[in-house]
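Q: Just one file: model_9.pdb, with PDB, C-alpha atoms.
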MODEL        1
ATOM      1  CA  MET A   2      99.870 102.976  57.256
ATOM      2  CA  LEU A   3      98.080 103.936  60.402
ATOM      3  CA  ILE A   4      96.695 107.422  60.224
ATOM      4  CA  MET A   5      96.224 108.979  63.629
ATOM      5  CA  GLU A   6      93.417 111.411  64.128
ATOM      6  CA  ASN A   7      94.601 114.799  65.359
ATOM      7  CA  PRO A   8      93.375 114.926  68.989
ATOM      8  CA  LEU A   9      92.782 118.672  68.587
ATOM      9  CA  ASP A  10      90.188 117.841  65.909
ATOM     10  CA  SER A  11      88.394 115.266  68.058
ATOM     11  CA  SER A  12      85.660 117.735  69.036
ATOM     12  CA  PRO A  13      84.342 120.758  67.113
ATOM     13  CA  MET A  14      84.328 122.673  70.414
ATOM     14  CA  ILE A  15      88.104 122.558  70.966
ATOM     15  CA  PHE A  16      89.068 125.175  68.399
ATOM     16  CA  PRO A  17      86.510 127.871  69.372
ATOM     17  CA  VAL A  18      87.240 127.354  73.091
ATOM     18  CA  LEU A  19      90.977 127.772  72.415
ATOM     19  CA  GLU A  20      90.197 130.901  70.403
ATOM     20  CA  CYS A  21      88.324 132.384  73.383
ATOM     21  CA  PHE A  22      91.323 131.741  75.649
ATOM     22  CA  HIS A  23      93.515 133.314  72.961
ATOM     23  CA  ILE A  24      91.361 136.485  72.904
ATOM     24  CA  ILE A  25      91.187 136.872  76.701
ATOM     25  CA  GLY A  26      94.925 136.153  77.035
ATOM     26  CA  MET A  27      95.542 138.743  74.323
ATOM     27  CA  ALA A  28      93.586 141.348  76.289
ATOM     28  CA  LEU A  29      95.781 140.626  79.336
ATOM     29  CA  LEU A  30      99.090 140.597  77.463
ATOM     30  CA  VAL A  31      98.492 143.491  75.077
ATOM     31  CA  GLY A  32      96.347 145.459  77.537
ATOM     32  CA  THR A  33      98.975 145.491  80.268
ATOM     33  CA  ILE A  34     101.745 146.431  77.814
ATOM     34  CA  ALA A  35      99.537 149.104  76.228
ATOM     35  CA  LEU A  36      98.793 150.542  79.674
ATOM     36  CA  VAL A  37     102.492 151.326  80.132
ATOM     37  CA  ASP A  38     102.725 152.636  76.543
ATOM     38  CA  PHE A  39      99.742 154.934  77.120
ATOM     39  CA  ARG A  40     101.455 156.216  80.259
ATOM     40  CA  MET A  41     104.660 156.894  78.301
ATOM     41  CA  LEU A  42     102.550 158.863  75.824
ATOM     42  CA  GLY A  43     101.055 160.840  78.722
ATOM     43  CA  TRP A  44      97.521 159.495  78.228
ATOM     44  CA  ALA A  45      97.083 157.445  81.417
ATOM     45  CA  MET A  46      97.662 157.604  85.186
ATOM     46  CA  PRO A  47      99.898 160.692  85.435
ATOM     47  CA  GLY A  48     100.421 160.075  89.157
ATOM     48  CA  GLN A  49     102.602 157.014  88.494
ATOM     49  CA  THR A  50     105.780 156.647  86.467
ATOM     50  CA  PRO A  51     105.936 154.191  83.554
ATOM     51  CA  ALA A  52     108.467 152.137  85.538
ATOM     52  CA  GLU A  53     106.089 151.857  88.506
ATOM     53  CA  LEU A  54     103.198 150.808  86.279
ATOM     54  CA  ALA A  55     105.322 148.319  84.354
ATOM     55  CA  ASP A  56     106.386 146.753  87.637
ATOM     56  CA  ASP A  57     102.760 146.669  88.867
ATOM     57  CA  VAL A  58     101.350 144.812  85.860
ATOM     58  CA  LYS A  59     104.360 142.639  84.977
ATOM     59  CA  ALA A  60     102.934 139.513  86.618
ATOM     60  CA  TRP A  61      99.692 139.849  84.617
ATOM     61  CA  SER A  62     101.593 140.426  81.371
ATOM     62  CA  HIS A  63     103.340 137.131  82.087
ATOM     63  CA  VAL A  64     100.021 135.392  82.776
ATOM     64  CA  GLY A  65      98.706 136.726  79.464
ATOM     65  CA  LEU A  66     101.861 135.635  77.640
ATOM     66  CA  ALA A  67     101.593 132.151  79.150
ATOM     67  CA  VAL A  68      97.970 131.845  77.972
ATOM     68  CA  MET A  69      99.053 132.913  74.474
ATOM     69  CA  LEU A  70     102.009 130.527  74.380
ATOM     70  CA  LEU A  71      99.708 127.643  75.334
ATOM     71  CA  SER A  72      96.630 128.459  73.239
ATOM     72  CA  GLY A  73      98.521 129.681  70.150
ATOM     73  CA  PRO A  74     100.543 126.511  69.454
ATOM     74  CA  MET A  75      97.430 124.387  70.095
ATOM     75  CA  LEU A  76      95.470 126.404  67.524
ATOM     76  CA  PHE A  77      98.406 125.990  65.139
ATOM     77  CA  LEU A  78      98.667 122.222  65.700
ATOM     78  CA  SER A  79      94.949 121.715  64.998
ATOM     79  CA  ASP A  80      95.714 122.413  61.313
ATOM     80  CA  TRP A  81      99.451 122.938  61.158
ATOM     81  CA  ASP A  82     100.030 122.564  57.405
ATOM     82  CA  MET A  83      97.332 125.124  56.592
ATOM     83  CA  TYR A  84      99.002 127.639  58.943
ATOM     84  CA  TRP A  85     102.519 126.839  57.790
ATOM     85  CA  TYR A  86     101.708 127.841  54.201
ATOM     86  CA  ASN A  87      99.529 130.820  55.195
ATOM     87  CA  SER A  88     101.322 134.120  54.435
ATOM     88  CA  ALA A  89      99.429 136.032  57.160
ATOM     89  CA  TRP A  90     100.386 133.401  59.744
ATOM     90  CA  ARG A  91     104.040 133.647  58.710
ATOM     91  CA  ALA A  92     103.912 137.451  58.932
ATOM     92  CA  LYS A  93     102.218 137.178  62.315
ATOM     93  CA  MET A  94     104.921 134.894  63.700
ATOM     94  CA  GLY A  95     107.658 137.225  62.454
ATOM     95  CA  LEU A  96     105.920 140.267  63.932
ATOM     96  CA  PHE A  97     105.217 138.423  67.196
ATOM     97  CA  LEU A  98     108.903 137.537  67.628
ATOM     98  CA  LEU A  99     109.818 141.116  66.764
ATOM     99  CA  ALA A 100     107.269 142.517  69.259
ATOM    100  CA  LEU A 101     108.527 140.184  71.996
ATOM    101  CA  ALA A 102     112.172 141.025  71.305
ATOM    102  CA  PHE A 103     111.335 144.737  71.250
ATOM    103  CA  ASN A 104     109.412 144.395  74.507
ATOM    104  CA  PHE A 105     112.260 142.757  76.412
ATOM    105  CA  THR A 106     115.014 145.034  75.063
ATOM    106  CA  VAL A 107     114.303 148.545  73.748
ATOM    107  CA  HIS A 108     110.934 148.853  75.516
ATOM    108  CA  ARG A 109     112.240 147.640  78.869
ATOM    109  CA  ARG A 110     115.268 149.936  78.707
ATOM    110  CA  ALA A 111     113.148 152.974  77.748
ATOM    111  CA  ILE A 112     110.843 152.356  80.729
ATOM    112  CA  ALA A 113     113.764 151.926  83.124
ATOM    113  CA  SER A 114     115.564 155.034  81.830
ATOM    114  CA  GLY A 115     112.726 157.306  82.917
ATOM    115  CA  SER A 116     112.914 159.395  79.737
ATOM    116  CA  PRO A 117     109.540 160.016  78.030
ATOM    117  CA  GLY A 118     110.099 157.510  75.197
ATOM    118  CA  LYS A 119     107.057 158.401  73.103
ATOM    119  CA  GLY A 120     108.528 156.896  69.969
ATOM    120  CA  VAL A 121     109.218 153.636  71.764
ATOM    121  CA  ALA A 122     105.655 153.558  73.132
ATOM    122  CA  LEU A 123     104.132 154.174  69.689
ATOM    123  CA  THR A 124     106.363 151.521  68.127
ATOM    124  CA  SER A 125     105.300 149.049  70.789
ATOM    125  CA  LEU A 126     101.589 149.766  70.221
ATOM    126  CA  LEU A 127     101.988 149.478  66.446
ATOM    127  CA  LEU A 128     103.946 146.228  66.718
ATOM    128  CA  TRP A 129     101.276 144.575  68.882
ATOM    129  CA  ALA A 130      98.491 145.894  66.635
ATOM    130  CA  SER A 131     100.295 144.404  63.634
ATOM    131  CA  VAL A 132     100.488 141.007  65.376
ATOM    132  CA  ILE A 133      96.706 141.182  65.867
ATOM    133  CA  ALA A 134      96.276 142.140  62.201
ATOM    134  CA  GLY A 135      98.362 139.125  61.186
ATOM    135  CA  GLY A 136      96.111 136.879  63.248
ATOM    136  CA  ILE A 137      92.913 138.258  61.713
ATOM    137  CA  PHE A 138      94.221 138.073  58.137
ATOM    138  CA  ILE A 139      94.994 134.337  58.481
ATOM    139  CA  ALA A 140      91.322 133.721  57.685
ATOM    140  CA  PHE A 141      91.243 136.182  54.776
ATOM    141  CA  VAL A 142      94.353 135.561  52.652
TER     142      VAL A 142
ATOM    143  CA  MET B  26      60.142 145.937  61.349
ATOM    144  CA  LEU B  27      63.561 145.019  62.765
ATOM    145  CA  LEU B  28      64.038 142.559  59.898
ATOM    146  CA  GLU B  29      63.269 145.318  57.392
ATOM    147  CA  PHE B  30      65.774 147.567  59.138
ATOM    148  CA  VAL B  31      68.616 145.027  58.922
ATOM    149  CA  GLN B  32      67.791 144.330  55.269
ATOM    150  CA  TRP B  33      67.857 148.043  54.521
ATOM    151  CA  LEU B  34      71.036 148.582  56.544
ATOM    152  CA  GLN B  35      73.080 145.983  54.730
ATOM    153  CA  MET B  36      72.047 147.370  51.347
ATOM    154  CA  THR B  37      73.280 150.868  52.181
ATOM    155  CA  GLY B  38      76.256 152.011  50.148
ATOM    156  CA  TYR B  39      78.909 151.708  52.821
ATOM    157  CA  ALA B  40      77.720 148.281  53.974
ATOM    158  CA  THR B  41      77.764 146.978  50.411
ATOM    159  CA  ALA B  42      81.208 148.466  49.772
ATOM    160  CA  LEU B  43      82.490 146.881  52.983
ATOM    161  CA  ARG B  44      81.146 143.483  51.968
ATOM    162  CA  GLN B  45      82.590 143.605  48.496
ATOM    163  CA  SER B  46      86.130 144.641  49.376
ATOM    164  CA  TRP B  47      88.357 141.786  50.460
ATOM    165  CA  TYR B  48      90.559 143.787  52.815
ATOM    166  CA  VAL B  49      88.341 146.489  54.394
ATOM    167  CA  TYR B  50      86.383 143.960  56.455
ATOM    168  CA  PRO B  51      89.463 142.290  58.016
ATOM    169  CA  VAL B  52      91.009 145.725  58.665
ATOM    170  CA  ILE B  53      87.888 146.746  60.612
ATOM    171  CA  MET B  54      87.921 143.409  62.420
ATOM    172  CA  THR B  55      91.583 144.040  63.301
ATOM    173  CA  LEU B  56      90.710 147.448  64.769
ATOM    174  CA  HIS B  57      87.868 145.799  66.725
ATOM    175  CA  LEU B  58      90.384 143.302  68.158
ATOM    176  CA  VAL B  59      93.040 145.981  68.777
ATOM    177  CA  GLY B  60      90.387 147.811  70.778
ATOM    178  CA  ILE B  61      89.614 144.635  72.719
ATOM    179  CA  GLY B  62      93.300 143.950  73.345
ATOM    180  CA  MET B  63      94.323 147.410  74.421
ATOM    181  CA  PHE B  64      91.174 148.689  76.094
ATOM    182  CA  GLY B  65      89.613 145.419  77.219
ATOM    183  CA  GLY B  66      92.944 144.903  78.962
ATOM    184  CA  LEU B  67      92.422 148.190  80.833
ATOM    185  CA  VAL B  68      88.994 146.979  81.998
ATOM    186  CA  LEU B  69      90.661 143.820  83.304
ATOM    187  CA  VAL B  70      93.362 145.853  85.076
ATOM    188  CA  THR B  71      90.749 148.093  86.741
ATOM    189  CA  ASN B  72      88.776 145.086  87.954
ATOM    190  CA  LEU B  73      91.889 143.234  89.106
ATOM    191  CA  ARG B  74      92.818 146.351  91.091
ATOM    192  CA  LEU B  75      89.415 146.295  92.802
ATOM    193  CA  LEU B  76      90.070 142.643  93.650
ATOM    194  CA  GLY B  77      93.452 143.630  95.094
ATOM    195  CA  VAL B  78      95.555 141.418  92.815
ATOM    196  CA  THR B  79      97.388 144.117  90.865
ATOM    197  CA  MET B  80      98.593 147.674  91.499
ATOM    198  CA  GLN B  81      98.033 147.237  95.226
ATOM    199  CA  LYS B  82     100.354 150.189  95.883
ATOM    200  CA  ARG B  83      98.331 152.534  93.641
ATOM    201  CA  PRO B  84      95.190 154.264  94.904
ATOM    202  CA  VAL B  85      91.992 152.904  93.332
ATOM    203  CA  ALA B  86      91.133 156.516  92.513
ATOM    204  CA  ASP B  87      94.280 156.846  90.367
ATOM    205  CA  VAL B  88      93.520 153.612  88.497
ATOM    206  CA  ILE B  89      89.846 154.353  87.829
ATOM    207  CA  ARG B  90      90.272 158.034  86.962
ATOM    208  CA  GLY B  91      93.589 157.567  85.197
ATOM    209  CA  LEU B  92      92.196 155.041  82.734
ATOM    210  CA  ARG B  93      88.660 156.354  82.267
ATOM    211  CA  HIS B  94      89.233 158.440  79.122
ATOM    212  CA  LEU B  95      91.244 155.696  77.437
ATOM    213  CA  LYS B  96      88.513 153.168  78.152
ATOM    214  CA  HIS B  97      85.881 155.488  76.692
ATOM    215  CA  ALA B  98      87.994 156.033  73.566
ATOM    216  CA  GLY B  99      88.563 152.289  73.262
ATOM    217  CA  LEU B 100      84.895 151.470  73.715
ATOM    218  CA  THR B 101      84.028 153.979  70.985
ATOM    219  CA  LEU B 102      86.517 152.340  68.593
ATOM    220  CA  ILE B 103      85.176 148.859  69.384
ATOM    221  CA  VAL B 104      81.521 149.873  69.014
ATOM    222  CA  VAL B 105      82.064 151.750  65.736
ATOM    223  CA  CYS B 106      84.001 148.828  64.215
ATOM    224  CA  GLY B 107      81.453 146.356  65.579
ATOM    225  CA  PHE B 108      78.589 148.298  64.055
ATOM    226  CA  LEU B 109      80.370 148.444  60.691
ATOM    227  CA  MET B 110      80.858 144.662  60.686
ATOM    228  CA  PHE B 111      77.229 144.196  61.723
ATOM    229  CA  SER B 112      76.057 146.494  58.897
ATOM    230  CA  SER B 113      77.834 144.483  56.235
ATOM    231  CA  LYS B 114      75.864 141.312  57.052
ATOM    232  CA  ALA B 115      73.050 142.677  59.190
ATOM    233  CA  GLU B 116      70.464 140.158  58.018
ATOM    234  CA  GLU B 117      72.725 137.203  58.900
ATOM    235  CA  TYR B 118      73.274 138.693  62.348
ATOM    236  CA  TYR B 119      69.506 138.961  62.776
ATOM    237  CA  TYR B 120      69.324 135.149  62.657
ATOM    238  CA  ASN B 121      72.423 134.628  64.813
ATOM    239  CA  TRP B 122      71.606 133.786  68.418
ATOM    240  CA  PHE B 123      75.195 134.448  69.569
ATOM    241  CA  PHE B 124      74.757 138.013  68.300
ATOM    242  CA  TRP B 125      71.580 138.463  70.332
ATOM    243  CA  MET B 126      73.225 136.942  73.384
ATOM    244  CA  LYS B 127      76.150 139.338  72.965
ATOM    245  CA  MET B 128      73.749 142.307  72.707
ATOM    246  CA  SER B 129      71.888 141.079  75.816
ATOM    247  CA  LEU B 130      75.147 140.844  77.754
ATOM    248  CA  LEU B 131      76.026 144.381  76.635
ATOM    249  CA  GLY B 132      72.626 145.440  77.969
ATOM    250  CA  LEU B 133      73.504 143.813  81.296
ATOM    251  CA  ILE B 134      76.833 145.672  81.242
ATOM    252  CA  ALA B 135      74.954 148.951  80.882
ATOM    253  CA  LEU B 136      72.823 147.959  83.892
ATOM    254  CA  HIS B 137      76.011 146.998  85.769
ATOM    255  CA  ALA B 138      77.444 150.452  85.108
ATOM    256  CA  LEU B 139      74.266 152.097  86.394
ATOM    257  CA  ALA B 140      74.049 149.827  89.436
ATOM    258  CA  PHE B 141      77.647 150.293  90.587
ATOM    259  CA  ARG B 142      78.367 153.815  89.360
ATOM    260  CA  SER B 143      77.673 155.728  92.571
ATOM    261  CA  SER B 144      78.950 153.082  95.008
ATOM    262  CA  VAL B 145      82.134 152.040  93.164
ATOM    263  CA  TYR B 146      83.241 153.743  89.976
ATOM    264  CA  LYS B 147      82.399 157.360  90.876
ATOM    265  CA  ASN B 148      83.406 156.844  94.471
ATOM    266  CA  PRO B 149      87.016 155.567  94.455
ATOM    267  CA  ALA B 150      88.240 157.937  97.197
ATOM    268  CA  VAL B 151      85.966 156.209  99.707
ATOM    269  CA  LEU B 152      87.283 152.809  98.567
ATOM    270  CA  ASP B 153      90.814 154.042  99.226
ATOM    271  CA  ARG B 154      89.935 155.255 102.731
ATOM    272  CA  SER B 155      88.447 151.906 103.690
ATOM    273  CA  SER B 156      90.935 149.530 105.341
ATOM    274  CA  THR B 157      89.768 146.567 103.265
ATOM    275  CA  MET B 158      88.110 146.647  99.838
ATOM    276  CA  PRO B 159      84.326 146.755 100.368
ATOM    277  CA  GLY B 160      82.443 143.683  99.189
ATOM    278  CA  ILE B 161      80.349 145.690  96.751
ATOM    279  CA  ALA B 162      83.474 146.778  94.851
ATOM    280  CA  LYS B 163      84.689 143.193  94.631
ATOM    281  CA  LEU B 164      81.242 142.082  93.465
ATOM    282  CA  ALA B 165      81.265 144.788  90.783
ATOM    283  CA  ALA B 166      84.703 143.626  89.619
ATOM    284  CA  VAL B 167      83.793 139.928  89.440
ATOM    285  CA  LEU B 168      80.542 140.657  87.589
ATOM    286  CA  SER B 169      82.325 142.973  85.167
ATOM    287  CA  ILE B 170      84.984 140.353  84.354
ATOM    288  CA  LEU B 171      82.322 137.658  83.862
ATOM    289  CA  LEU B 172      80.111 139.865  81.675
ATOM    290  CA  TRP B 173      82.962 141.088  79.441
ATOM    291  CA  THR B 174      84.345 137.554  79.117
ATOM    292  CA  GLY B 175      80.865 136.462  78.059
ATOM    293  CA  VAL B 176      80.751 139.243  75.472
ATOM    294  CA  ALA B 177      84.102 138.125  74.031
ATOM    295  CA  ILE B 178      82.974 134.484  73.890
ATOM    296  CA  CYS B 179      79.661 135.367  72.207
ATOM    297  CA  GLY B 180      81.493 137.628  69.761
ATOM    298  CA  ARG B 181      83.704 134.726  68.714
ATOM    299  CA  GLY B 182      80.640 132.487  68.601
ATOM    300  CA  ILE B 183      78.927 134.694  66.002
ATOM    301  CA  GLY B 184      81.319 133.416  63.353
ATOM    302  CA  TYR B 185      80.370 129.800  64.037
ATOM    303  CA  ILE B 186      76.656 130.070  63.261
ATOM    304  CA  ASP B 187      75.760 129.169  59.685
ATOM    305  CA  PRO B 188      73.356 131.718  58.204
ATOM    306  CA  PRO B 189      69.945 130.251  57.289
ATOM    307  CA  LEU B 190      70.337 130.636  53.540
ATOM    308  CA  GLU B 191      66.696 129.819  52.808
ATOM    309  CA  LYS B 192      65.574 132.771  54.943
ATOM    310  CA  LEU B 193      68.027 135.356  53.662
ATOM    311  CA  HIS B 194      66.445 138.135  51.688
ATOM    312  CA  ALA B 195      69.603 138.907  49.736
ATOM    313  CA  MET B 196      71.863 136.119  48.536
ATOM    314  CA  LEU B 197      74.892 137.698  50.169
ATOM    315  CA  PHE B 198      76.763 134.460  50.462
ATOM    316  CA  LEU B 199      77.282 134.555  46.691
ATOM    317  CA  VAL B 200      79.394 137.705  46.894
ATOM    318  CA  LYS B 201      81.130 136.908  50.160
TER     319      LYS B 201
ENDMDL
END
Rewrite the structure from the file as structure tokens, please.
A:
Amino acid sequence: MLIMENPLDSSPMIFPVLECFHIIGMALLVGTIALVDFRMLGWAMPGQTPAELADDVKAWSHVGLAVMLLSGPMLFLSDWDMYWYNSAWRAKMGLFLLALAFNFTVHRRAIASGSPGKGVALTSLLLWASVIAGGIFIAFV
Amino acid sequence: MLLEFVQWLQMTGYATALRQSWYVYPVIMTLHLVGIGMFGGLVLVTNLRLLGVTMQKRPVADVIRGLRHLKHAGLTLIVVCGFLMFSSKAEEYYYNWFFWMKMSLLGLIALHALAFRSSVYKNPAVLDRSSTMPGIAKLAAVLSILLWTGVAICGRGIGYIDPPLEKLHAMLFLVK
């Protein structure tokens, strides 16, 4: 049987470089969402409404999400069976899907409604923080 | 002198406790990364505003002043968590050139803040009155993005350097 080498393992530089993209993309994705959450909590840019800010940074949230959706699966495929059986990775994927779903439904509606929505903002921040925690714990469980 | 300091630091009670617990270290690392995600993102947004590629409708003054306190709080969280992680394996960090490169870049970031404070960051009203964004503000933004990206890359790099076991004073790798 021919055993193909995983192209993502062909150089020891690939994984750390992907990780760096994953961290910078995370700062764009989570940072732009958090900016709106901080505004909903009354901690940032009082001169603008959450809806205005969300509209301003939407394009950059999408850029960040695209970087994550490219770098994440590549990191996964470099050692897919390790990740598949890793409980922190599984939790992270569940939380990530939950955070995304929350972002495009409850979060979006709360921003559009113009009501303060502090609970929604805190939930959003906690969800994204828990996705980050899941990512970190992959190496520790 | 510095070597003695890092050896002493990692043997302090809290550093030892941090090293010996399996979950405290990753929790601190998570908070470090949450800080980078949420507050590093605000640094990016500020710089992208100076470059005119986001929040074009919002005054620069609103962006810079409206995010300043959050960025300070975030930086404090990141630095405290970073120092705690450093303490737990301070002697390994002493031999880690990525760590020293990261510290050097942070030094350059401090110089960047001093160099551009009066012309850009403490002066946003003038930037808003100008018909086009002054070159110095764009330069500050590009340099800031490059320096912070470098810090993130070096931070990730720290984990890839094998500690020189023969030089380590304490055999920490045994209890890792």
Q: Please evaluate the PyMOL selection byres ((chain B and resi 81-91) around 8) against the structure above and give the resulting residues as a list in words.
A: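 The output of the PyMOL selection byres ((chain B and resi 81-91) around 8) on this file is Ala45, Met46, Pro47, Gly48 and Asp57 of chain A; Thr71, Arg74, Leu75, Gly77, Val78, Thr79, Met80, Leu92, Arg93, His94, Tyr146, Asn148, Pro149, Ala150, Leu152 and Asp153 of chain B.
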Q: Do you have, as JSON lines, the list of residues of chain A lying at most 8 Å from chain B, each with its nearest atom pair and that distance in Å to one decimal, counting all atoms listed in the file and ordered by chain then number?
A:
{"residue": "A:Pro17", "atom": "CA", "partner": "B:Arg181", "partner_atom": "CA", "distance": 7.4}
{"residue": "A:Glu20", "atom": "CA", "partner": "B:Arg181", "partner_atom": "CA", "distance": 7.7}
{"residue": "A:Cys21", "atom": "CA", "partner": "B:Ile178", "partner_atom": "CA", "distance": 5.8}
{"residue": "A:Ile24", "atom": "CA", "partner": "B:Ala177", "partner_atom": "CA", "distance": 7.5}
{"residue": "A:Ile25", "atom": "CA", "partner": "B:Thr174", "partner_atom": "CA", "distance": 7.3}
{"residue": "A:Met27", "atom": "CA", "partner": "B:Gly62", "partner_atom": "CA", "distance": 5.8}
{"residue": "A:Ala28", "atom": "CA", "partner": "B:Gly62", "partner_atom": "CA", "distance": 3.9}
{"residue": "A:Leu29", "atom": "CA", "partner": "B:Gly66", "partner_atom": "CA", "distance": 5.1}
{"residue": "A:Leu30", "atom": "CA", "partner": "B:Gly66", "partner_atom": "CA", "distance": 7.7}
{"residue": "A:Val31", "atom": "CA", "partner": "B:Gly62", "partner_atom": "CA", "distance": 5.5}
{"residue": "A:Gly32", "atom": "CA", "partner": "B:Gly66", "partner_atom": "CA", "distance": 3.7}
{"residue": "A:Thr33", "atom": "CA", "partner": "B:Gly66", "partner_atom": "CA", "distance": 6.2}
{"residue": "A:Ala35", "atom": "CA", "partner": "B:Met63", "partner_atom": "CA", "distance": 5.8}
{"residue": "A:Leu36", "atom": "CA", "partner": "B:Leu67", "partner_atom": "CA", "distance": 6.9}
{"residue": "A:Trp44", "atom": "CA", "partner": "B:Leu95", "partner_atom": "CA", "distance": 7.4}
{"residue": "A:Ala45", "atom": "CA", "partner": "B:Gly91", "partner_atom": "CA", "distance": 5.1}
{"residue": "A:Met46", "atom": "CA", "partner": "B:Gly91", "partner_atom": "CA", "distance": 4.1}
{"residue": "A:Pro47", "atom": "CA", "partner": "B:Gly91", "partner_atom": "CA", "distance": 7.0}
{"residue": "A:Gly48", "atom": "CA", "partner": "B:Asp87", "partner_atom": "CA", "distance": 7.0}
{"residue": "A:Leu54", "atom": "CA", "partner": "B:Met80", "partner_atom": "CA", "distance": 7.6}
{"residue": "A:Asp57", "atom": "CA", "partner": "B:Met80", "partner_atom": "CA", "distance": 5.0}
{"residue": "A:Val58", "atom": "CA", "partner": "B:Thr79", "partner_atom": "CA", "distance": 6.4}
{"residue": "A:Trp61", "atom": "CA", "partner": "B:Thr79", "partner_atom": "CA", "distance": 7.9}
{"residue": "A:Ala130", "atom": "CA", "partner": "B:Val59", "partner_atom": "CA", "distance": 5.9}
{"residue": "A:Ile133", "atom": "CA", "partner": "B:Thr55", "partner_atom": "CA", "distance": 6.4}
{"residue": "A:Ala134", "atom": "CA", "partner": "B:Thr55", "partner_atom": "CA", "distance": 5.2}
{"residue": "A:Ile137", "atom": "CA", "partner": "B:Thr55", "partner_atom": "CA", "distance": 6.1}
{"residue": "A:Phe138", "atom": "CA", "partner": "B:Pro51", "partner_atom": "CA", "distance": 6.4}
{"residue": "A:Phe141", "atom": "CA", "partner": "B:Pro51", "partner_atom": "CA", "distance": 7.1}
Q: Would you compute the distance between atom CA of B:Ile186 and atom CA of A:Leu9? Give it in Å to one decimal.
A: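 Computed distance, atom CA of B:Ile186 to atom CA of A:Leu9, equals 20.5 Å.
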Q: Using Å and a single decimal, report how far atom CA of B:Leu168 sits from atom CA of A:Leu76.
A: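 These atoms are spaced 28.8 Å apart.
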Q: Calculated over all atoms listed in the file, which of the candidates A:Ala67, A:Phe105, A:Ala55, A:Ser79 has the smallest distance to A:Met41?
A: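 Once distances to A:Met41 are computed over all atoms listed in the file, the minimum belongs to A:Ala55.
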Q: Rounded to one decimal in Å, what is the spacing between atom CA of B:Leu34 and atom CA of B:Ser113?
A: 7.9 Å
Q: Need the axis-aligned box for stretch 100-108 of chain B with 8 Å each side, so what are the centre and edges in Å to one decimal, as lines of an AutoDock Vina configuration file?
A:
center_x = 82.6
center_y = 150.2
center_z = 68.9
size_x = 23.9
size_y = 23.6
size_z = 25.7
Q: I would like the residues chosen by the PyMOL selection byres ((chain A and resi 113) around 12) on the shown file; could you give them as JSON, numbers by chain?
A: {"A": [37, 41, 50, 51, 52, 53, 54, 55, 56, 105, 106, 107, 108, 109, 110, 111, 112, 114, 115, 116, 117, 118]}
Q: Translate the PyMOL selection byres ((chain B and resi 118-128) around 12), as applied to the file shown, into an explicit residue set as an MDAnalysis selection string.
A: chainID B and resid 26:32 34:35 104 107:108 110:117 129:135 172:194
Q: What lies within 8 Å of stretch 123-126 of chain A using all atoms listed in the file, ignoring chain neighbours under 2 positions off, as an MDAnalysis selection string?
A: chainID A and resid 35 38 42 100 103:104 108 119:121 128:130
Q: Under the rule that all atoms listed in the file are counted, which of A:Gln49, A:Leu78, A:Ala89, A:Gly65 is the nearest residue to A:Pro8?
A: A:Leu78
Q: Which residues come within 10 Å of A:Leu70, counting all atoms listed in the file, excluding same-chain residues fewer than 5 positions away, as a list of chain:residue names?
A: A:His23, A:Gly26, A:Val64, A:Gly65, A:Met75
Q: Could you pull stretch 54-64 of chain B out of the structure just shown and give N, CA and C atoms as an mmCIF file, in the first residue's frame?
A:
data_model
loop_
_atom_site.group_PDB
_atom_site.id
_atom_site.type_symbol
_atom_site.label_atom_id
_atom_site.label_comp_id
_atom_site.auth_asym_id
_atom_site.auth_seq_id
_atom_site.Cartn_x
_atom_site.Cartn_y
_atom_site.Cartn_z
ATOM 1 N N MET B 54 -2.901 31.105 30.082
ATOM 2 C CA MET B 54 -2.609 31.247 28.653
ATOM 3 C C MET B 54 -3.884 31.640 27.893
ATOM 4 N N THR B 55 -5.016 31.062 28.280
ATOM 5 C CA THR B 55 -6.289 31.420 27.653
ATOM 6 C C THR B 55 -6.590 32.903 27.852
ATOM 7 N N LEU B 56 -6.392 33.390 29.101
ATOM 8 C CA LEU B 56 -6.664 34.806 29.364
ATOM 9 C C LEU B 56 -5.712 35.697 28.559
ATOM 10 N N HIS B 57 -4.463 35.257 28.417
ATOM 11 C CA HIS B 57 -3.485 35.975 27.589
ATOM 12 C C HIS B 57 -4.015 36.081 26.151
ATOM 13 N N LEU B 58 -4.533 34.973 25.629
ATOM 14 C CA LEU B 58 -5.044 34.949 24.252
ATOM 15 C C LEU B 58 -6.375 35.683 24.123
ATOM 16 N N VAL B 59 -7.211 35.625 25.161
ATOM 17 C CA VAL B 59 -8.466 36.402 25.139
ATOM 18 C C VAL B 59 -8.112 37.886 25.072
ATOM 19 N N GLY B 60 -7.114 38.278 25.844
ATOM 20 C CA GLY B 60 -6.646 39.665 25.796
ATOM 21 C C GLY B 60 -6.169 40.039 24.405
ATOM 22 N N ILE B 61 -5.404 39.133 23.783
ATOM 23 C CA ILE B 61 -4.895 39.403 22.432
ATOM 24 C C ILE B 61 -6.063 39.501 21.453
ATOM 25 N N GLY B 62 -7.016 38.582 21.570
ATOM 26 C CA GLY B 62 -8.146 38.580 20.643
ATOM 27 C C GLY B 62 -8.976 39.831 20.782
ATOM 28 N N MET B 63 -9.374 40.148 22.011
ATOM 29 C CA MET B 63 -10.311 41.244 22.190
ATOM 30 C C MET B 63 -9.636 42.609 22.121
ATOM 31 N N PHE B 64 -8.448 42.730 22.706
ATOM 32 C CA PHE B 64 -7.828 44.044 22.783
ATOM 33 C C PHE B 64 -6.798 44.270 21.681
#
